[in-house]
$ cat my_file_30.cif   # mmCIF, C-alpha atoms
data_final
loop_
_atom_site.label_atom_id
_atom_site.label_comp_id
_atom_site.auth_asym_id
_atom_site.auth_seq_id
_atom_site.Cartn_x
_atom_site.Cartn_y
_atom_site.Cartn_z
CA MET A 1 -121.16 -75.32 12.01
CA THR A 2 -123.79 -72.59 12.15
CA ARG A 3 -122.96 -69.04 11.40
CA ALA A 4 -124.85 -66.31 13.24
CA GLN A 5 -123.60 -62.74 13.52
CA ASP A 6 -120.25 -63.63 12.12
CA SER A 7 -119.69 -66.28 14.81
CA PHE A 8 -118.37 -69.81 14.41
CA THR A 9 -119.12 -72.93 16.51
CA PHE A 10 -116.31 -75.23 17.65
CA THR A 11 -115.95 -78.22 19.96
CA VAL A 12 -113.08 -78.21 22.42
CA GLY A 13 -111.13 -81.34 21.72
CA LYS A 14 -108.13 -81.12 23.97
CA LEU A 15 -106.59 -78.74 26.48
CA ASP A 16 -102.83 -78.92 26.90
CA ALA A 17 -100.22 -76.42 28.12
CA GLY A 18 -102.34 -73.33 27.53
CA MET A 19 -103.42 -74.38 24.07
CA ALA A 20 -106.82 -75.78 23.06
CA ILE A 21 -107.60 -77.88 20.00
CA LEU A 22 -110.90 -76.83 18.48
CA LEU A 23 -112.76 -79.07 16.06
CA GLY A 24 -115.05 -77.60 13.43
CA ASP A 25 -118.03 -79.09 11.59
CA ARG A 26 -115.85 -80.38 8.80
CA ALA A 27 -113.14 -81.74 11.04
CA HIS A 28 -111.11 -78.55 10.85
CA LEU A 29 -108.48 -78.32 13.57
CA ILE A 30 -107.65 -74.90 15.04
CA GLU A 31 -105.16 -74.15 17.76
CA PHE A 32 -106.63 -71.59 20.06
CA PRO A 33 -105.24 -70.09 23.28
CA SER A 34 -106.99 -71.70 26.23
CA ILE A 35 -106.84 -68.45 28.19
CA LEU A 36 -109.38 -66.96 25.73
CA LEU A 37 -111.96 -69.74 26.30
CA PRO A 38 -114.89 -69.01 28.55
CA PRO A 39 -114.41 -69.94 32.20
CA GLY A 40 -115.27 -73.60 32.93
CA ALA A 41 -114.75 -74.80 29.33
CA THR A 42 -113.29 -78.30 29.25
CA THR A 43 -112.82 -81.08 26.75
CA GLY A 44 -116.04 -81.60 24.82
CA SER A 45 -117.41 -78.10 25.44
CA ILE A 46 -118.97 -76.25 22.49
CA VAL A 47 -117.99 -72.58 22.05
CA ASN A 48 -118.90 -69.87 19.56
CA ILE A 49 -116.14 -67.56 18.31
CA ALA A 50 -116.92 -64.25 16.54
CA VAL A 51 -114.39 -62.13 14.57
CA HIS A 52 -114.84 -58.35 13.97
CA GLN A 53 -112.59 -55.73 12.24
CA ASN A 54 -111.65 -52.65 14.33
CA VAL A 55 -111.45 -49.88 11.69
CA ALA A 56 -111.08 -47.03 14.18
CA GLN A 57 -107.99 -48.55 15.70
CA GLU A 58 -106.52 -49.09 12.27
CA ARG A 59 -106.92 -45.43 11.37
CA LYS A 60 -105.41 -44.30 14.62
CA ARG A 61 -102.42 -46.55 14.11
CA ASP A 62 -101.86 -45.34 10.57
CA HIS A 63 -101.99 -41.73 11.64
CA GLU A 64 -99.37 -42.23 14.30
CA PHE A 65 -97.10 -44.10 11.91
CA TRP A 66 -97.12 -41.49 9.18
CA SER A 67 -96.70 -38.66 11.64
CA LEU A 68 -93.50 -40.29 12.83
CA GLN A 69 -92.22 -40.70 9.26
CA GLN A 70 -92.85 -37.02 8.58
CA ASP A 71 -90.86 -35.96 11.61
CA ILE A 72 -87.94 -38.12 10.51
CA LEU A 73 -88.02 -36.64 7.02
CA GLU A 74 -88.09 -33.05 8.25
CA THR A 75 -85.29 -33.67 10.71
CA PHE A 76 -82.90 -35.81 8.68
CA GLY A 77 -84.05 -35.77 5.10
CA SER A 78 -84.59 -32.13 4.14
CA ASP A 79 -80.90 -30.98 4.45
CA SER A 80 -77.93 -32.89 2.99
CA PRO A 81 -74.14 -32.25 3.10
CA GLU A 82 -72.82 -29.68 0.66
CA ASN A 83 -69.91 -30.07 -1.72
CA PRO A 84 -66.76 -28.22 -0.57
CA GLN A 85 -65.67 -25.14 -2.51
CA LEU A 86 -61.88 -25.23 -3.00
CA GLU A 87 -59.97 -21.97 -3.56
CA VAL A 88 -56.33 -20.95 -4.10
CA ARG A 89 -54.86 -18.70 -1.43
CA ASN A 90 -51.22 -18.36 -2.46
CA VAL A 91 -48.79 -19.84 -4.99
CA THR A 92 -44.98 -19.83 -4.87
CA GLN A 93 -42.23 -21.56 -6.81
CA THR A 94 -42.47 -24.79 -4.79
CA SER A 95 -45.74 -24.61 -2.79
CA VAL A 96 -49.47 -24.02 -3.12
CA THR A 97 -51.77 -22.88 -0.29
CA LEU A 98 -55.43 -23.94 -0.58
CA GLU A 99 -58.45 -22.93 1.50
CA TRP A 100 -62.18 -23.66 1.65
CA PRO A 101 -65.20 -22.52 3.72
CA PRO A 102 -66.39 -24.60 6.70
CA ILE A 103 -67.86 -27.87 5.52
CA LYS A 104 -71.61 -28.41 5.99
CA LEU A 105 -72.62 -31.92 6.99
CA ALA A 106 -76.31 -31.26 7.85
CA THR A 107 -77.35 -34.29 9.91
CA ALA A 108 -74.69 -36.62 8.47
CA LYS A 109 -71.54 -37.70 10.24
CA LEU A 110 -68.06 -36.93 8.91
CA ARG A 111 -65.91 -39.85 7.90
CA SER A 112 -62.95 -38.20 6.17
CA LEU A 113 -61.84 -35.20 4.12
CA ASP A 114 -59.08 -36.01 1.63
CA ILE A 115 -57.00 -33.86 -0.71
CA TYR A 116 -56.19 -35.17 -4.20
CA LYS A 117 -53.31 -34.02 -6.44
CA ASN A 118 -53.45 -34.84 -10.15
CA GLY A 119 -56.21 -37.39 -9.52
CA GLN A 120 -54.32 -39.29 -6.80
CA ARG A 121 -55.00 -39.17 -3.07
CA LEU A 122 -52.30 -37.08 -1.41
CA ALA A 123 -53.27 -36.91 2.28
CA SER A 124 -56.16 -36.61 4.72
CA ILE A 125 -56.96 -33.21 6.24
CA PRO A 126 -56.52 -33.40 10.04
CA ASN A 127 -59.29 -31.93 12.22
CA ALA A 128 -61.46 -31.25 9.19
CA LEU A 129 -64.27 -29.69 11.25
CA ASN A 130 -61.99 -26.83 12.41
CA ASN A 131 -59.24 -26.76 9.78
CA PHE A 132 -60.10 -24.90 6.58
CA SER A 133 -56.76 -24.55 4.78
CA THR A 134 -53.67 -26.54 3.84
CA LYS A 135 -50.22 -25.88 2.37
CA LEU A 136 -48.73 -28.31 -0.13
CA SER A 137 -44.93 -28.04 -0.44
CA GLY A 138 -42.25 -29.84 -2.41
CA LEU A 139 -43.65 -28.95 -5.83
CA SER A 140 -41.65 -28.34 -9.00
CA VAL A 141 -40.97 -24.90 -10.39
CA ASP A 142 -43.18 -23.72 -13.26
CA THR A 143 -45.33 -26.89 -13.30
CA GLN A 144 -49.10 -27.23 -13.61
CA TYR A 145 -51.04 -29.21 -10.97
CA SER A 146 -54.70 -30.07 -10.31
CA PHE A 147 -56.23 -30.28 -6.81
CA GLN A 148 -59.59 -31.47 -5.45
CA LEU A 149 -61.22 -32.22 -2.09
CA LEU A 150 -63.32 -35.32 -1.43
CA LEU A 151 -65.78 -35.25 1.48
CA ARG A 152 -66.93 -38.64 2.79
CA THR A 153 -69.94 -38.71 5.17
CA SER A 154 -72.51 -41.14 6.42
CA ALA A 155 -74.93 -39.67 3.85
CA GLY A 156 -72.59 -40.22 0.89
CA THR A 157 -69.51 -38.84 -0.88
CA TYR A 158 -69.32 -35.22 -2.03
CA PRO A 159 -66.39 -34.04 -4.24
CA SER A 160 -65.32 -30.41 -4.49
CA ASN A 161 -64.60 -28.37 -7.57
CA LEU A 162 -61.41 -29.16 -9.51
CA ILE A 163 -58.85 -26.35 -9.68
CA ARG A 164 -55.74 -26.13 -11.84
CA VAL A 165 -52.76 -24.00 -10.84
CA ARG A 166 -49.21 -23.53 -12.14
CA THR A 167 -46.30 -22.84 -9.83
CA HIS A 168 -44.30 -19.64 -10.32
CA THR A 169 -41.03 -19.19 -12.13
CA ILE A 170 -37.89 -17.76 -10.53
CA ALA A 171 -38.65 -14.36 -12.02
CA ASP A 172 -42.13 -14.23 -10.43
CA THR A 173 -41.94 -12.68 -6.94
CA SER A 174 -45.67 -12.20 -6.37
CA GLY A 175 -45.86 -15.29 -4.18
CA ILE A 176 -43.76 -13.77 -1.38
CA SER A 177 -45.72 -13.52 1.87
CA VAL A 178 -43.73 -11.77 4.60
CA CYS A 179 -44.32 -11.45 8.32
CA PHE A 180 -42.59 -8.35 9.70
CA ALA A 181 -41.28 -8.33 13.25
CA ASN A 182 -38.78 -6.00 14.92
CA VAL A 183 -36.96 -3.82 12.36
CA ALA A 184 -34.72 -1.19 13.95
CA ASP A 185 -34.48 1.07 10.89
CA GLY A 186 -37.86 2.58 10.13
CA VAL A 187 -36.79 3.85 6.71
CA LEU A 188 -35.58 0.38 5.76
CA LEU A 189 -38.92 -1.07 6.87
CA GLU A 190 -40.91 1.38 4.75
CA ASN A 191 -38.72 0.74 1.72
CA ALA A 192 -39.23 -2.99 2.13
CA LYS A 193 -43.02 -2.56 2.29
CA LEU A 194 -42.98 -0.37 -0.83
CA ALA A 195 -40.92 -2.98 -2.63
CA LEU A 196 -43.41 -5.70 -1.69
CA LYS A 197 -46.25 -3.56 -2.97
CA GLU A 198 -44.53 -3.08 -6.32
CA MET A 199 -43.84 -6.81 -6.55
CA ARG A 200 -47.54 -7.54 -5.77
CA ALA A 201 -46.45 -9.54 -2.73
CA LYS A 202 -48.15 -9.70 0.67
CA TRP A 203 -47.07 -8.90 4.22
CA SER A 204 -48.61 -9.02 7.69
CA ASP A 205 -47.71 -8.73 11.37
CA LYS A 206 -48.73 -12.30 12.24
CA ILE A 207 -47.54 -15.62 10.92
CA GLN A 208 -50.14 -17.25 8.69
CA ILE A 209 -50.31 -20.52 6.85
CA ASP A 210 -49.01 -18.96 3.62
CA THR A 211 -46.14 -17.01 5.25
CA THR A 212 -42.95 -17.67 3.32
CA HIS A 213 -40.39 -15.48 5.17
CA PHE A 214 -40.02 -13.91 8.60
CA VAL A 215 -38.30 -10.50 8.35
CA CYS A 216 -36.61 -8.77 11.28
CA THR A 217 -33.31 -7.25 12.39
CA THR A 218 -33.39 -8.54 15.95
CA PRO A 219 -35.31 -11.40 17.60
CA ALA A 220 -35.89 -9.37 20.77
CA VAL A 221 -39.34 -8.12 21.73
CA THR A 222 -38.22 -4.50 21.99
CA PRO A 223 -38.32 -2.66 18.65
CA THR A 224 -34.69 -1.52 18.72
CA GLY A 225 -33.25 -4.52 20.49
CA ALA A 226 -32.47 -2.44 23.59
CA GLN A 227 -32.18 -4.05 26.98
CA PRO A 228 -34.94 -3.40 29.48
CA ALA A 229 -34.39 -2.16 33.01
CA GLY A 230 -32.11 -4.30 35.15
CA GLY A 231 -29.61 -5.10 32.38
CA VAL A 232 -31.39 -8.33 31.42
CA ALA A 233 -31.44 -9.09 27.69
CA ALA A 234 -34.89 -9.10 26.12
CA PRO A 235 -36.12 -12.60 25.23
CA PRO A 236 -37.08 -13.50 21.65
CA GLY A 237 -40.60 -12.64 20.59
CA ALA A 238 -43.41 -15.17 20.32
CA GLU A 239 -43.68 -14.79 16.55
CA TYR A 240 -39.93 -15.33 16.17
CA GLN A 241 -40.09 -18.54 18.18
CA ARG A 242 -43.09 -19.71 16.17
CA ALA A 243 -41.22 -19.03 12.93
CA LEU A 244 -38.40 -21.27 14.14
CA GLN A 245 -40.87 -24.01 15.07
CA LEU A 246 -42.54 -23.85 11.64
CA SER A 247 -39.14 -23.81 9.83
CA ILE A 248 -39.87 -20.42 8.27
CA PRO A 249 -36.62 -18.75 7.13
CA VAL A 250 -35.71 -15.65 9.16
CA VAL A 251 -34.12 -13.02 6.88
CA GLN A 252 -33.27 -9.33 6.96
CA PRO A 253 -35.16 -6.59 5.07
CA GLN A 254 -32.29 -6.25 2.60
CA TRP A 255 -33.42 -9.52 1.02
CA ILE A 256 -36.68 -7.91 -0.10
CA LEU A 257 -34.81 -5.00 -1.64
CA ALA A 258 -32.48 -7.43 -3.41
CA CYS A 259 -35.42 -9.34 -4.91
CA HIS A 260 -36.95 -6.06 -6.02
CA SER A 261 -33.76 -4.83 -7.68
CA GLU A 262 -32.92 -8.17 -9.31
CA LYS A 263 -36.57 -8.76 -10.30
CA LYS A 264 -36.30 -12.41 -9.30
CA MET A 265 -36.02 -14.65 -6.26
CA VAL A 266 -32.59 -14.06 -4.70
CA PRO A 267 -31.00 -16.82 -2.57
CA ILE A 268 -31.47 -16.14 1.15
CA SER A 269 -28.15 -17.63 2.26
CA GLY A 270 -26.53 -14.18 2.46
CA TYR A 271 -29.45 -12.50 4.24
CA TYR A 272 -30.05 -14.69 7.28
CA LEU A 273 -30.42 -12.96 10.62
CA GLY A 274 -26.95 -12.34 12.04
CA VAL A 275 -25.18 -12.36 8.64
CA THR A 276 -23.85 -9.15 7.12
CA PRO A 277 -25.90 -8.68 3.94
CA PRO A 278 -24.06 -7.82 0.71
CA THR A 279 -24.22 -4.27 -0.60
CA SER A 280 -26.18 -3.27 -3.66
CA SER A 281 -23.03 -2.61 -5.68
CA GLY A 282 -22.05 -6.24 -5.33
CA TYR A 283 -24.81 -7.35 -7.70
CA SER A 284 -23.44 -5.52 -10.77
CA GLN A 285 -19.69 -5.54 -10.18
CA ARG A 286 -17.51 -8.28 -8.85
CA PRO A 287 -14.18 -7.40 -7.17
CA GLN A 288 -11.03 -8.81 -8.64
CA SER A 289 -9.90 -11.91 -6.83
CA MET A 290 -6.73 -11.79 -4.75
CA SER A 291 -5.05 -14.42 -6.91
CA GLN A 292 -5.61 -12.38 -10.08
CA ALA A 293 -4.53 -9.12 -8.42
CA SER A 294 -1.21 -10.55 -7.19
CA LEU A 295 -0.18 -12.03 -10.57
CA PRO A 296 2.39 -10.03 -12.64
CA SER A 297 1.69 -8.75 -16.12
CA THR A 298 1.32 -11.22 -18.95
CA SER A 299 4.12 -9.83 -21.12
CA ALA A 300 6.66 -9.79 -18.30
CA THR A 301 5.77 -13.33 -17.28
CA HIS A 302 6.14 -14.65 -20.82
CA LYS A 303 9.44 -12.83 -21.26
CA ASN A 304 10.96 -14.22 -18.07
CA SER A 305 9.68 -17.73 -18.71
CA ALA A 306 11.02 -17.72 -22.28
CA SER A 307 14.50 -16.60 -21.20
CA ARG A 308 14.63 -19.07 -18.32
CA GLN A 309 13.45 -22.03 -20.36
CA SER A 310 16.38 -21.56 -22.71
CA LEU A 311 18.84 -22.10 -19.84
CA PRO A 312 19.89 -25.62 -18.86
CA THR A 313 18.17 -27.04 -15.82
CA ILE A 314 21.31 -28.19 -14.03
CA ARG A 315 21.81 -27.90 -10.29
CA ARG A 316 25.41 -27.54 -9.15
CA PRO A 317 26.67 -26.69 -5.70
CA THR A 318 27.71 -23.07 -5.47
CA PRO A 319 31.09 -22.38 -3.82
CA PRO A 320 31.11 -19.97 -0.89
CA SER A 321 33.11 -17.45 -2.88
CA ALA A 322 30.66 -17.39 -5.75
CA THR A 323 28.54 -14.32 -6.21
CA PRO A 324 24.88 -15.06 -5.36
CA GLN A 325 22.30 -14.51 -7.99
CA GLY A 326 19.54 -11.88 -7.70
CA PRO A 327 16.31 -12.71 -5.90
CA ILE A 328 13.76 -14.69 -7.81
CA ASP A 329 10.02 -14.11 -7.52
CA GLU A 330 8.66 -16.68 -5.08
CA GLU A 331 5.19 -16.51 -6.56
CA GLU A 332 6.33 -17.98 -9.89
CA GLU A 333 6.04 -21.70 -9.33
CA GLY A 334 7.97 -24.28 -11.30
CA GLU A 335 10.97 -21.97 -12.10
CA GLN A 336 14.53 -23.00 -11.16
CA PRO A 337 17.26 -20.58 -10.00
CA LEU A 338 19.77 -19.48 -12.62
CA PRO A 339 22.54 -22.13 -12.74
CA PRO A 340 26.14 -21.32 -13.70
CA LYS A 341 27.34 -21.76 -17.26
CA PRO A 342 28.58 -25.33 -17.75
CA SER A 343 31.97 -26.09 -19.24
CA PRO A 344 32.27 -27.47 -22.80
CA SER A 345 33.17 -30.90 -21.49
CA GLU A 346 30.09 -30.96 -19.30
CA MET A 347 27.94 -29.74 -22.16
CA LYS A 348 29.29 -32.57 -24.27
CA HIS A 349 28.63 -35.03 -21.47
CA LYS A 350 25.08 -33.78 -20.84
CA SER A 351 24.08 -33.27 -24.44
CA SER A 352 23.02 -36.86 -24.95
CA GLY A 353 20.88 -36.84 -21.79
CA THR A 354 22.63 -39.95 -20.35
CA MET A 355 25.23 -40.66 -17.72
CA ASP A 356 28.16 -43.08 -17.76
CA ARG A 357 27.27 -46.15 -15.77
CA ASN A 358 30.91 -46.57 -14.55
CA PHE A 359 31.07 -43.09 -13.05
CA LYS A 360 32.08 -43.04 -9.37
CA PHE A 361 32.63 -40.33 -6.87
CA PRO A 362 36.33 -39.82 -5.96
CA PRO A 363 37.31 -41.45 -2.67
CA SER A 364 37.50 -39.26 0.42
CA LEU A 365 40.82 -38.33 2.05
CA THR A 366 40.17 -40.18 5.32
CA GLN A 367 38.59 -43.36 4.02
CA ALA A 368 39.64 -44.00 0.49
CA GLN A 369 38.58 -47.58 0.18
CA ALA A 370 35.95 -47.92 2.94
CA VAL A 371 32.43 -48.16 1.59
CA PRO A 372 29.48 -47.93 4.05
CA PRO A 373 26.99 -50.79 3.76
CA VAL A 374 23.63 -50.05 2.19
CA PRO A 375 20.68 -51.45 4.23
CA SER A 376 18.26 -51.42 1.31
CA LEU A 377 20.45 -53.67 -0.88
CA PRO A 378 19.66 -57.40 -1.09
CA THR A 379 21.52 -59.95 1.04
CA GLN A 380 23.74 -61.01 -1.88
CA ALA A 381 26.07 -58.06 -2.27
CA PRO A 382 27.86 -57.64 -5.58
CA ALA A 383 31.50 -58.64 -5.77
CA PRO A 384 33.86 -55.75 -4.94
CA LYS A 385 35.79 -54.31 -7.77
CA PRO A 386 39.57 -54.65 -7.88
CA GLU A 387 41.78 -51.76 -7.02
CA HIS A 388 43.07 -51.24 -10.50
CA GLU A 389 39.53 -51.18 -12.01
CA HIS A 390 38.45 -48.54 -9.50
CA GLU A 391 41.37 -46.30 -10.37
CA ALA A 392 40.91 -46.85 -14.07
CA GLY A 393 37.23 -45.88 -13.85
CA SER A 394 38.13 -42.64 -12.08
CA THR A 395 40.71 -41.86 -14.72
CA ARG A 396 38.31 -42.43 -17.57
CA ALA A 397 35.64 -40.22 -15.93
CA ASN A 398 37.95 -37.21 -16.06
CA GLU A 399 38.84 -37.57 -19.75
CA ASP A 400 37.09 -35.45 -22.38
CA ASP A 401 36.14 -38.27 -24.74
CA MET A 402 33.51 -40.48 -23.10
CA THR A 403 33.74 -43.99 -24.58
CA PRO A 404 30.73 -46.25 -23.75
CA VAL A 405 31.58 -49.52 -22.03
CA ALA A 406 29.84 -52.71 -23.03
CA VAL A 407 30.21 -54.52 -19.70
CA VAL A 408 28.27 -52.89 -16.84
CA VAL A 409 29.77 -53.46 -13.41
CA PRO A 410 27.39 -52.64 -10.50
CA SER A 411 28.83 -50.15 -8.09
CA SER A 412 28.58 -50.49 -4.35
CA VAL A 413 28.13 -46.73 -3.97
CA GLU A 414 24.58 -45.43 -4.32
CA VAL A 415 24.65 -42.80 -7.04
CA PRO A 416 21.86 -40.17 -6.95
CA PRO A 417 19.72 -39.93 -10.07
CA PRO A 418 20.56 -37.20 -12.58
CA PRO A 419 18.47 -34.02 -12.49
CA PRO A 420 15.51 -33.84 -14.86
CA VAL A 421 16.49 -32.57 -18.28
CA GLU A 422 13.83 -31.21 -20.58
CA LYS A 423 13.73 -32.15 -24.25
CA GLU A 424 14.06 -28.56 -25.34
CA THR A 425 17.19 -28.16 -23.20
CA ARG A 426 18.81 -31.24 -24.66
CA LYS A 427 18.05 -30.02 -28.15
CA ASN A 428 19.68 -26.68 -27.43
CA PHE A 429 22.80 -28.42 -26.14
CA VAL A 430 23.04 -30.60 -29.24
CA GLU A 431 22.77 -27.59 -31.47
CA SER A 432 25.41 -25.80 -29.43
CA GLU A 433 27.79 -28.75 -29.71
CA ASP A 434 27.34 -29.47 -33.41
CA GLY A 435 26.68 -26.08 -34.93
CA GLU A 436 28.39 -23.94 -32.26
CA GLU A 437 25.10 -22.04 -31.80
CA GLU A 438 23.76 -21.07 -28.40
CA VAL A 439 20.13 -20.20 -27.75
CA GLY A 440 18.98 -17.97 -24.91
CA GLU A 441 20.80 -15.85 -22.38
CA THR A 442 23.55 -17.31 -20.19
CA VAL A 443 25.36 -15.99 -17.16
CA GLU A 444 29.04 -16.60 -16.47
CA ILE A 445 30.03 -17.17 -12.84
CA ASP A 446 33.55 -17.21 -11.56
CA LEU A 447 34.06 -20.44 -9.62
CA ARG A 448 37.58 -19.65 -8.42
#
$ encode --input "my_file_30.cif" --output "structure tokens"
Amino acid sequence: MTRAQDSFTFTVGKLDAGMAILLGDRAHLIEFPSILLPPGATTGSIVNIAVHQNVAQERKRDHEFWSLQQDILETFGSDSPENPQLEVRNVTQTSVTLEWPPIKLATAKLRSLDIYKNGQRLASIPNALNNFSTKLSGLSVDTQYSFQLLLRTSAGTYPSNLIRVRTHTIADTSGISVCFANVADGVLLENAKLALKEMRAKWSDKIQIDTTHFVCTTPAVTPTGAQPAGGVAAPPGAEYQRALQLSIPVVQPQWILACHSEKKMVPISGYYLGVTPPTSSGYSQRPQSMSQASLPSTSATHKNSASRQSLPTIRRPTPPSATPQGPIDEEEEGEQPLPPKPSPSEMKHKSSGTMDRNFKFPPSLTQAQAVPPVPSLPTQAPAPKPEHEHEAGSTRANEDDMTPVAVVVPSSVEVPPPPPVEKETRKNFVESEDGEEEVGETVEIDLR
């Protein structure tokens, strides 16, 4: 192979499918495109191939390449997304309102914007390109929290500054943000605004993200709630309807004055629109309840109860000719009417607090021996008592000395239970029987 002017000599060995096999002097095989061979070259032809470097074309290519890289750097590499700057807009007892300036992405694409509370992801900000504030509710009173934004883009992740804030106490009213609507009383409106200014609270005419209360005296559009021409009631205003949609409490201006006078957050349950607000005097003085006002004096009550407790609690039917007792106060619960004075035999019978088991009611004039059946008794009725035992029992019941009987014979007549007798009453009767000493006041009633 001779070399002249950087050319090489080859012998065409084979032509096949657009490729030629070239053989060199030292049996080197080179695959060479057949389309680049001179016209008429066939197998066995000898060709010279020269190779030259094109420096000018290389420089031109390099210039175009680096020009393109510079344009890409100036367009996409000079500006990068900026870290968000988080700020506190308003703080209340249970909520915190945060805001930040519009985010700058440069040439990157937004992936997400998340809010973190105490180092944990809380939620994602919706429509982050046009939304620049958020309100976090459901917080605890007088508690410290930390908040941070995290911006994720196609160019990387950019966190915001970390802020720490403590929610207000009940006594701190500076977090109130009021939206005033239609207030009929102009003086009341001015007083409410002055109270807000002294409490370092805020107010506006439009509902904002940090609005805590909507204050008005009427939901109508007209300032005084008057009806327009035609007698048609004025519809509610747009701000009033928006407050209902956003679940903002609608209160009256008296609530602001109450917070100012109490120097704390007053419950809004008594100041809703349509509810008669309490007066200012109601905060310092409480009216006496009706139950306490209707009660009698303490000394009189104790005196009456002491005298009545000493009397026996015995209920006896009053004959028609008996003189009725004086009226008793209906408000005193648990007191019994004054019973008549019992006879000595009855006092002796009742002193032990028991009743003779063989006692029977005297037979009636029409049916002396007939006894009505008792449905509640079991199927096996007790054996009827003989005639002589029945008469003997009646005779013994009328005697003064009550002798207990060992054998108990069930009676077919249903005897009502004795009235309740208190321990103190029984004790008084025992003392009256043994020591002939009576305790308490008694009333004698003629039963003839």
$ residues_around --input "my_file_30.cif" --residues "Ala41 (chain A)" --least-positions-apart "3" --cutoff "12 Å" --atoms "all atoms listed in the file" --output "ChimeraX atom specification"
/A:10-15,20,22,34-38,44-48
$ atom_distance --input "my_file_30.cif" --atom1 "CA of Ala171 (chain A)" --atom2 "CA of Lys264 (chain A)"
4.1 Å
$ atom_distance --input "my_file_30.cif" --atom1 "CA of Leu113 (chain A)" --atom2 "CA of Pro81 (chain A)"
12.7 Å
$ residues_around --input "my_file_30.cif" --residues "Asn161 (chain A)" --least-positions-apart "2" --cutoff "9 Å" --atoms "all atoms listed in the file" --output "PyMOL selection string"
chain A and resi 83-87+147-149+159+163
$ residues_near_point --input "my_file_30.cif" --point "(-40.1, -2.4, 0.8)" --cutoff "12 Å" --atoms "all atoms listed in the file" --output "tab-separated table (two decimals) with C-alpha atoms, in the coordinates of the input"
chain	number	residue	atom	x	y	z
A	178	VAL	CA	-43.73	-11.77	4.60
A	180	PHE	CA	-42.59	-8.35	9.70
A	186	GLY	CA	-37.86	2.58	10.13
A	187	VAL	CA	-36.79	3.85	6.71
A	188	LEU	CA	-35.58	0.38	5.76
A	189	LEU	CA	-38.92	-1.07	6.87
A	190	GLU	CA	-40.91	1.38	4.75
A	191	ASN	CA	-38.72	0.74	1.72
A	192	ALA	CA	-39.23	-2.99	2.13
A	193	LYS	CA	-43.02	-2.56	2.29
A	194	LEU	CA	-42.98	-0.37	-0.83
A	195	ALA	CA	-40.92	-2.98	-2.63
A	196	LEU	CA	-43.41	-5.70	-1.69
A	197	LYS	CA	-46.25	-3.56	-2.97
A	198	GLU	CA	-44.53	-3.08	-6.32
A	199	MET	CA	-43.84	-6.81	-6.55
A	200	ARG	CA	-47.54	-7.54	-5.77
A	201	ALA	CA	-46.45	-9.54	-2.73
A	202	LYS	CA	-48.15	-9.70	0.67
A	203	TRP	CA	-47.07	-8.90	4.22
A	215	VAL	CA	-38.30	-10.50	8.35
A	252	GLN	CA	-33.27	-9.33	6.96
A	253	PRO	CA	-35.16	-6.59	5.07
A	254	GLN	CA	-32.29	-6.25	2.60
A	255	TRP	CA	-33.42	-9.52	1.02
A	256	ILE	CA	-36.68	-7.91	-0.10
A	257	LEU	CA	-34.81	-5.00	-1.64
A	258	ALA	CA	-32.48	-7.43	-3.41
A	259	CYS	CA	-35.42	-9.34	-4.91
A	260	HIS	CA	-36.95	-6.06	-6.02
A	261	SER	CA	-33.76	-4.83	-7.68
$ atom_distance --input "my_file_30.cif" --atom1 "CA of Tyr145 (chain A)" --atom2 "CA of Ala128 (chain A)"
22.8 Å
$ closest_residue --input "my_file_30.cif" --among "A:Ile72, A:Asn130, A:Gln120, A:Ile445" --to "Trp100 (chain A)" --atoms "only C-alpha atoms"
A:Asn130
$ closest_residue --input "my_file_30.cif" --among "A:Asp114, A:Asp25, A:Glu239, A:Asp210" --to "Ser160 (chain A)" --atoms "only C-alpha atoms"
A:Asp114
$ resolve_selection --input "my_file_30.cif" --expression "the PyMOL selection byres ((chain A and resi 51) around 9)" --output "list of chain:residue names"
A:Asp6, A:Ser7, A:Phe8, A:Ile49, A:Ala50, A:His52, A:Gln53
$ axis_aligned_box --input "my_file_30.cif" --around "region 119-132 of chain A" --padding-each-side "3 Å" --output "lines of an AutoDock Vina configuration file"
center_x = -58.3
center_y = -32.1
center_z = 1.4
size_x = 18.0
size_y = 20.4
size_z = 27.9
$ decode --input "my_file_30.cif" --residues "region 208-220 of chain A" --atoms "C-alpha atoms" --output "PDB file, in the first residue's frame"
ATOM      1  CA  GLN A 208     -62.870  38.358  54.804  1.00  0.00           C
ATOM      2  CA  ILE A 209     -61.077  35.133  55.531  1.00  0.00           C
ATOM      3  CA  ASP A 210     -60.392  36.147  59.151  1.00  0.00           C
ATOM      4  CA  THR A 211     -63.935  37.406  59.892  1.00  0.00           C
ATOM      5  CA  THR A 212     -65.141  35.867  63.139  1.00  0.00           C
ATOM      6  CA  HIS A 213     -68.617  37.449  63.566  1.00  0.00           C
ATOM      7  CA  PHE A 214     -71.240  39.068  61.362  1.00  0.00           C
ATOM      8  CA  VAL A 215     -72.992  41.922  63.210  1.00  0.00           C
ATOM      9  CA  CYS A 216     -76.370  43.336  62.190  1.00  0.00           C
ATOM     10  CA  THR A 217     -79.859  44.050  63.512  1.00  0.00           C
ATOM     11  CA  THR A 218     -81.742  43.023  60.382  1.00  0.00           C
ATOM     12  CA  PRO A 219     -80.769  40.822  57.417  1.00  0.00           C
ATOM     13  CA  ALA A 220     -82.570  43.098  54.958  1.00  0.00           C
TER      14      ALA A 220
END
